[in-house]
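File shown here: coords-v5.cif, holding mmCIF, C-alpha atoms.
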data_input
loop_
_atom_site.label_atom_id
_atom_site.label_comp_id
_atom_site.auth_asym_id
_atom_site.auth_seq_id
_atom_site.Cartn_x
_atom_site.Cartn_y
_atom_site.Cartn_z
CA MET A 1 154.08 152.43 110.05
CA SER A 2 154.51 155.73 108.25
CA THR A 3 153.31 156.21 104.70
CA VAL A 4 156.92 156.67 103.60
CA LYS A 5 157.88 153.31 105.10
CA ILE A 6 154.86 151.60 103.53
CA GLU A 7 155.80 153.08 100.14
CA ALA A 8 159.40 151.94 100.65
CA TYR A 9 158.32 148.36 101.35
CA ALA A 10 155.88 148.44 98.42
CA THR A 11 158.63 149.69 96.11
CA ALA A 12 161.05 147.01 97.30
CA LEU A 13 158.49 144.23 96.82
CA PHE A 14 157.48 145.65 93.43
CA GLU A 15 161.07 145.74 92.21
CA ILE A 16 161.83 142.22 93.40
CA ALA A 17 158.73 140.85 91.61
CA GLN A 18 159.49 142.87 88.49
CA ALA A 19 163.10 141.67 88.42
CA ASP A 20 161.82 138.13 88.88
CA GLY A 21 159.53 138.60 85.88
CA THR A 22 156.49 137.53 87.88
CA LEU A 23 154.95 140.90 88.73
CA ALA A 24 151.48 140.20 87.33
CA LEU A 25 151.18 136.90 89.16
CA VAL A 26 152.78 138.14 92.38
CA GLU A 27 150.67 141.28 92.68
CA ASP A 28 147.54 139.18 92.17
CA GLU A 29 148.59 136.63 94.78
CA LEU A 30 149.72 139.30 97.24
CA PHE A 31 146.38 141.06 96.84
CA ARG A 32 144.54 137.88 97.81
CA VAL A 33 146.92 137.24 100.73
CA ALA A 34 146.33 140.79 101.98
CA ARG A 35 142.53 140.40 101.86
CA ALA A 36 142.75 137.03 103.65
CA PHE A 37 145.02 138.62 106.23
CA GLU A 38 142.52 141.45 106.75
CA SER A 39 139.59 139.11 107.25
CA ASN A 40 141.31 136.63 109.54
CA GLU A 41 141.98 137.96 113.02
CA GLN A 42 143.72 134.80 114.21
CA LEU A 43 146.13 134.93 111.29
CA ARG A 44 146.84 138.62 111.94
CA ASN A 45 147.47 138.01 115.61
CA THR A 46 149.71 135.01 115.03
CA LEU A 47 151.86 136.58 112.33
CA SER A 48 152.30 139.81 114.28
CA ASP A 49 152.77 138.27 117.73
CA SER A 50 156.14 139.59 118.89
CA THR A 51 156.33 136.89 121.60
CA ILE A 52 156.71 134.30 118.81
CA PRO A 53 160.21 134.33 117.31
CA ALA A 54 160.31 135.97 113.87
CA ASP A 55 161.67 132.85 112.16
CA ARG A 56 158.79 130.79 113.59
CA ARG A 57 156.25 133.32 112.29
CA GLN A 58 157.95 133.23 108.89
CA GLN A 59 157.70 129.44 108.94
CA VAL A 60 153.95 129.69 109.64
CA ALA A 61 153.48 132.11 106.72
CA GLU A 62 155.56 129.94 104.40
CA GLN A 63 153.65 126.81 105.36
CA LEU A 64 150.31 128.57 104.86
CA LEU A 65 151.22 129.91 101.44
CA GLY A 66 153.51 127.11 100.31
CA ALA A 67 151.08 125.18 98.17
CA LYS A 68 148.84 128.09 97.27
CA ALA A 69 151.19 130.79 96.03
CA SER A 70 154.29 131.17 93.92
CA ASN A 71 157.69 131.01 95.56
CA THR A 72 158.26 134.76 95.06
CA THR A 73 154.97 135.67 96.74
CA THR A 74 155.71 133.35 99.66
CA GLN A 75 159.18 134.81 100.08
CA LEU A 76 157.90 138.40 99.93
CA VAL A 77 155.25 137.74 102.56
CA SER A 78 157.86 135.98 104.68
CA LEU A 79 160.12 139.02 104.31
CA VAL A 80 157.40 141.36 105.61
CA VAL A 81 156.55 138.96 108.46
CA GLY A 82 160.23 138.70 109.44
CA SER A 83 160.64 142.48 109.44
CA GLY A 84 157.83 142.79 112.01
CA GLN A 85 155.74 144.93 109.66
CA VAL A 86 153.05 142.38 108.86
CA ARG A 87 150.26 144.51 110.37
CA ASP A 88 150.86 146.83 107.43
CA LEU A 89 150.87 144.07 104.83
CA PRO A 90 147.49 145.12 103.33
CA ALA A 91 148.62 148.76 102.97
CA ILE A 92 151.97 147.68 101.49
CA VAL A 93 150.25 145.33 99.03
CA ASP A 94 147.61 147.91 98.07
CA SER A 95 150.38 150.38 97.31
CA LEU A 96 152.23 147.76 95.26
CA VAL A 97 149.07 146.85 93.31
CA LYS A 98 148.35 150.53 92.67
CA ARG A 99 151.88 151.01 91.40
CA ALA A 100 151.73 147.92 89.19
CA SER A 101 148.40 149.14 87.79
CA SER A 102 149.81 152.61 87.20
CA GLU A 103 152.68 151.15 85.20
CA LYS A 104 150.07 149.55 82.93
CA GLN A 105 147.97 152.79 82.85
CA GLN A 106 145.27 150.94 84.73
CA GLU A 107 143.05 151.74 87.68
CA VAL A 108 142.58 149.10 90.40
CA ALA A 109 139.03 147.76 90.44
CA GLU A 110 138.33 145.82 93.63
CA VAL A 111 135.28 143.64 93.21
CA ARG A 112 133.65 141.66 96.01
CA SER A 113 131.55 138.63 95.25
CA ALA A 114 130.01 135.86 97.33
CA VAL A 115 131.17 133.30 94.78
CA ALA A 116 134.12 132.99 92.42
CA LEU A 117 133.78 134.51 88.95
CA SER A 118 134.61 132.54 85.85
CA ASP A 119 137.41 133.82 83.60
CA ASP A 120 134.78 134.84 81.06
CA GLN A 121 132.85 136.81 83.69
CA LYS A 122 136.07 138.51 84.82
CA THR A 123 136.88 139.54 81.25
CA ARG A 124 133.38 140.92 80.63
CA LEU A 125 133.29 142.63 84.02
CA ALA A 126 136.67 144.30 83.41
CA ALA A 127 135.42 145.50 80.01
CA ALA A 128 132.19 146.82 81.56
CA LEU A 129 134.05 148.65 84.34
CA THR A 130 136.51 150.07 81.83
CA LYS A 131 133.57 151.36 79.80
CA VAL A 132 131.78 152.93 82.75
CA THR A 133 134.85 154.49 84.40
CA GLY A 134 136.59 155.45 81.18
CA LYS A 135 139.85 153.89 82.39
CA PRO A 136 141.33 150.44 81.78
CA VAL A 137 140.99 148.48 85.00
CA ASN A 138 143.17 146.01 86.84
CA LEU A 139 140.44 143.71 88.17
CA LYS A 140 140.89 142.22 91.62
CA VAL A 141 138.15 139.88 92.78
CA VAL A 142 137.73 139.22 96.49
CA ILE A 143 135.51 136.34 97.58
CA ASP A 144 133.44 137.77 100.38
CA PRO A 145 130.50 135.61 101.51
CA SER A 146 129.12 138.53 103.53
CA VAL A 147 127.87 140.22 100.33
CA LEU A 148 125.47 137.22 99.97
CA GLY A 149 124.97 137.76 96.23
CA GLY A 150 125.60 140.27 93.47
CA LEU A 151 128.74 142.37 93.24
CA VAL A 152 130.24 145.56 94.60
CA ALA A 153 132.99 147.25 92.61
CA VAL A 154 135.27 149.99 93.90
CA VAL A 155 137.24 151.86 91.27
CA GLY A 156 139.08 154.84 92.70
CA ASP A 157 136.43 156.90 94.49
CA GLU A 158 133.58 155.28 92.59
CA VAL A 159 131.53 152.54 94.25
CA ILE A 160 129.05 150.48 92.25
CA ASP A 161 127.11 148.40 94.72
CA ASP A 162 124.47 145.92 93.68
CA THR A 163 124.83 143.34 96.43
CA VAL A 164 122.08 141.46 98.20
CA ARG A 165 123.66 142.55 101.50
CA THR A 166 123.19 146.24 100.64
CA ARG A 167 119.67 145.68 99.39
CA LEU A 168 118.79 143.91 102.63
CA ASP A 169 120.35 146.73 104.65
CA GLN A 170 118.29 149.26 102.70
CA LEU A 171 115.18 147.19 103.24
CA LYS A 172 115.93 147.00 106.98
CA THR A 173 116.29 150.79 107.16
CA ARG A 174 113.00 151.26 105.33
CA ILE A 175 111.21 148.82 107.65
CA MET B 1 67.37 182.97 159.13
CA LEU B 2 65.93 180.05 157.26
CA ALA B 3 66.10 181.97 154.04
CA GLU B 4 69.77 182.85 154.71
CA ALA B 5 70.53 179.19 155.41
CA ASP B 6 68.81 178.19 152.18
CA THR B 7 70.88 180.77 150.25
CA GLN B 8 74.14 179.55 151.78
CA ALA B 9 73.23 175.94 151.13
CA ALA B 10 72.37 176.74 147.54
CA ALA B 11 75.66 178.61 147.13
CA LEU B 12 77.63 175.71 148.63
CA LEU B 13 75.80 173.25 146.41
CA ALA B 14 76.52 175.33 143.31
CA GLU B 15 80.16 175.68 144.29
CA GLY B 16 80.39 171.94 144.90
CA ARG B 17 78.78 171.19 141.56
CA THR B 18 81.19 173.51 139.75
CA ARG B 19 84.20 171.93 141.52
CA VAL B 20 83.01 168.41 140.77
CA ALA B 21 82.35 169.32 137.11
CA ALA B 22 85.86 170.78 136.84
CA GLU B 23 87.39 167.70 138.45
CA ILE B 24 85.44 165.42 136.11
CA ALA B 25 86.56 167.45 133.10
CA GLU B 26 90.17 167.27 134.33
CA LEU B 27 89.93 163.51 134.86
CA GLU B 28 88.36 163.03 131.44
CA ALA B 29 91.11 165.06 129.79
CA LYS B 30 93.80 163.08 131.63
CA ALA B 31 92.12 159.79 130.71
CA ALA B 32 91.95 160.83 127.06
CA THR B 33 95.66 161.80 127.09
CA ASP B 34 96.65 158.53 128.79
CA LEU B 35 94.56 156.54 126.35
CA ASN B 36 96.16 158.22 123.33
CA ALA B 37 99.63 157.69 124.77
CA ALA B 38 98.89 154.02 125.44
CA ARG B 39 97.46 153.59 121.94
CA GLY B 40 100.49 155.26 120.37
CA ARG B 41 102.87 153.24 122.51
CA SER B 42 101.32 149.89 121.71
CA SER B 43 101.21 150.79 118.03
CA ASP B 44 104.90 151.80 118.12
CA GLU B 45 105.79 148.66 120.04
CA LEU B 46 103.90 146.50 117.57
CA ARG B 47 105.54 148.25 114.63
CA ALA B 48 108.99 147.82 116.21
CA GLU B 49 108.33 144.16 116.85
CA ILE B 50 107.16 143.57 113.26
CA ALA B 51 110.23 145.43 111.96
CA MET B 52 112.52 143.39 114.18
CA LEU B 53 110.96 140.09 113.12
CA ALA B 54 111.02 141.12 109.46
CA SER B 55 114.66 142.17 109.66
CA ILE B 56 115.54 138.79 111.21
CA ALA B 57 113.41 136.74 108.84
CA THR B 58 114.24 138.47 105.55
CA PRO B 59 117.98 137.65 105.39
CA ILE B 60 117.23 134.04 106.40
CA VAL B 61 114.64 133.66 103.65
CA VAL B 62 116.86 135.43 101.10
CA GLN B 63 119.91 133.34 101.97
CA ALA B 64 117.86 130.16 101.76
CA THR B 65 116.74 131.06 98.25
CA LEU B 66 120.18 132.19 97.05
CA ASN B 67 121.49 129.12 95.27
CA ASP B 68 124.49 129.09 92.93
CA GLN B 69 122.29 129.71 89.89
CA THR B 70 120.71 132.80 91.45
CA LYS B 71 124.12 134.09 92.53
CA ASN B 72 125.39 133.61 89.01
CA GLU B 73 122.37 135.42 87.58
CA LEU B 74 123.02 138.33 89.93
CA ILE B 75 126.62 138.53 88.70
CA GLU B 76 125.46 138.45 85.09
CA SER B 77 122.89 141.13 85.85
CA PHE B 78 125.57 143.33 87.40
CA ILE B 79 127.89 142.92 84.39
CA SER B 80 125.07 143.70 81.95
CA SER B 81 123.90 146.68 83.96
CA VAL B 82 127.42 148.15 84.31
CA GLY B 83 128.18 147.38 80.67
CA ALA B 84 125.03 149.23 79.63
CA GLY B 85 126.33 152.26 81.48
CA ARG B 86 123.85 151.73 84.34
#
Can the structure in the file be given as structure tokens, please?
Amino acid sequence: MSTVKIEAYATALFEIAQADGTLALVEDELFRVARAFESNEQLRNTLSDSTIPADRRQQVAEQLLGAKASNTTTQLVSLVVGSGQVRDLPAIVDSLVKRASSEKQQEVAEVRSAVALSDDQKTRLAAALTKVTGKPVNLKVVIDPSVLGGLVAVVGDEVIDDTVRTRLDQLKTRI
Amino acid sequence: MLAEADTQAAALLAEGRTRVAAEIAELEAKAATDLNAARGRSSDELRAEIAMLASIATPIVVQATLNDQTKNELIESFISSVGAGR
């Protein structure tokens, strides 16, 4: 999909969530859906399989998200699935999150962790990243067991990586 | 005639000795080169094997020791380190 089309979808989804008054929640949920979609090949293949009727694929998405996400998020994902553009869902969502962050004069900070962070840890981490980058951050935590331990934060072009995975990789290179 | 035969024999003997000495020197040089190559190869192979075993064992050991408390400590360490401006 072209960048223009991705931006158009992101804008549409953004405006729907904003009009619904659930932008903060929806962008957070969509971000997590996008990361899950990226890491799950079977899910990607199923939701983008053009041999499965669009309404059936939408049903699958709605059933998957039903209990875990708000109604608006579920409907927005279903909309993208139904339009046949689900392969671009991560790019659409990233654009939406960036736009939502921009509106709040924030920079997206994507943090990967092997385990969930407590609310207190998220608050302190956001404050620390704000301090080090000089910009207020919109913290997005992705649970990624492959990092093993520690955290990696990506804020704009800046990467702060202190994960066990990276340390092991460095050790392997040195060996 | 006998003297000429003696001279020729001596010359042949000297030539033979020189050729044999050269061949021995060549063989010794080749043996030394082969030995060094073999030594280097076995050392490289051993090093590669140790590296391979270490790279397999290290993540297993690390993962086995990474319990929830350690993971939490690593998160706290990251927050403190970033908060302190790294």
Output as a tab-separated table one row per residue of chain A within 7 Å of chain B: the closest atom pair and its distance in Å to one decimal place, counting only C-alpha atoms, sorted by chain and residue number ascending.
residue	atom	partner	partner_atom	distance
A:Arg124	CA	B:Ile79	CA	6.9
A:Leu125	CA	B:Ile79	CA	5.4
A:Ala128	CA	B:Gly83	CA	4.1
A:Leu129	CA	B:Val82	CA	6.6
A:Lys131	CA	B:Gly83	CA	6.8
A:Val132	CA	B:Gly85	CA	5.6
A:Gly149	CA	B:Lys71	CA	5.3
A:Gly150	CA	B:Leu74	CA	4.8
A:Leu151	CA	B:Ile75	CA	6.3
A:Asp162	CA	B:Phe78	CA	6.9
A:Leu168	CA	B:Pro59	CA	6.9
A:Lys172	CA	B:Ser55	CA	5.7
A:Ile175	CA	B:Ala51	CA	5.6
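Proximity of A:Thr166, A:Gln105, A:Thr22, A:Ser118 to A:Thr73, computed with all atoms listed in the file, is greatest for A:Thr22.
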*Run through the PyMOL selection byres ((chain A and resi 31) around 12) on the given coordinates and return the selected residues as a ChimeraX atom specification.*
/A:23-30,32-38,69,73,77,89-98,100,108-111,138-143
*For A:Gln59, which residue among A:Val81, A:Thr72, A:Gln170, A:Asp144 is the nearest when counting only C-alpha atoms?*
A:Val81
*Interatomic distance, atom CA of A:Lys122 to atom CA of A:Val137 (Å, one decimal)*: 11.1 Å
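Coordinates place atom CA of A:Val152 at a distance of 28.0 Å from atom CA of A:Ser70.
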*asked:* I'd like the interatomic distance between atom CA of A:Thr173 and atom CA of A:Leu148, to a tenth of an Å.
replied: 17.9 Å
*Would you translate the PyMOL selection byres ((chain A and resi 60) around 12) into the concrete set of residues it matches in this file, as a PyMOL selection string?*
chain A and resi 43-44+46-49+52-59+61-66+74+77-78+81-82
Taking C-alpha atoms for each residue, export the selection above as a PDB file, in the coordinates of the input.
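File result-v7.pdb, as written:
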ATOM      1  CA  LEU A  43     146.130 134.930 111.290  1.00  0.00           C
ATOM      2  CA  ARG A  44     146.840 138.620 111.940  1.00  0.00           C
ATOM      3  CA  THR A  46     149.710 135.010 115.030  1.00  0.00           C
ATOM      4  CA  LEU A  47     151.860 136.580 112.330  1.00  0.00           C
ATOM      5  CA  SER A  48     152.300 139.810 114.280  1.00  0.00           C
ATOM      6  CA  ASP A  49     152.770 138.270 117.730  1.00  0.00           C
ATOM      7  CA  ILE A  52     156.710 134.300 118.810  1.00  0.00           C
ATOM      8  CA  PRO A  53     160.210 134.330 117.310  1.00  0.00           C
ATOM      9  CA  ALA A  54     160.310 135.970 113.870  1.00  0.00           C
ATOM     10  CA  ASP A  55     161.670 132.850 112.160  1.00  0.00           C
ATOM     11  CA  ARG A  56     158.790 130.790 113.590  1.00  0.00           C
ATOM     12  CA  ARG A  57     156.250 133.320 112.290  1.00  0.00           C
ATOM     13  CA  GLN A  58     157.950 133.230 108.890  1.00  0.00           C
ATOM     14  CA  GLN A  59     157.700 129.440 108.940  1.00  0.00           C
ATOM     15  CA  ALA A  61     153.480 132.110 106.720  1.00  0.00           C
ATOM     16  CA  GLU A  62     155.560 129.940 104.400  1.00  0.00           C
ATOM     17  CA  GLN A  63     153.650 126.810 105.360  1.00  0.00           C
ATOM     18  CA  LEU A  64     150.310 128.570 104.860  1.00  0.00           C
ATOM     19  CA  LEU A  65     151.220 129.910 101.440  1.00  0.00           C
ATOM     20  CA  GLY A  66     153.510 127.110 100.310  1.00  0.00           C
ATOM     21  CA  THR A  74     155.710 133.350  99.660  1.00  0.00           C
ATOM     22  CA  VAL A  77     155.250 137.740 102.560  1.00  0.00           C
ATOM     23  CA  SER A  78     157.860 135.980 104.680  1.00  0.00           C
ATOM     24  CA  VAL A  81     156.550 138.960 108.460  1.00  0.00           C
ATOM     25  CA  GLY A  82     160.230 138.700 109.440  1.00  0.00           C
TER      26      GLY A  82
END
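Nearest to A:Ser83 of all the residues A:Lys135, A:Ser101, A:Thr163, A:Tyr9 is A:Tyr9, based on all atoms listed in the file.
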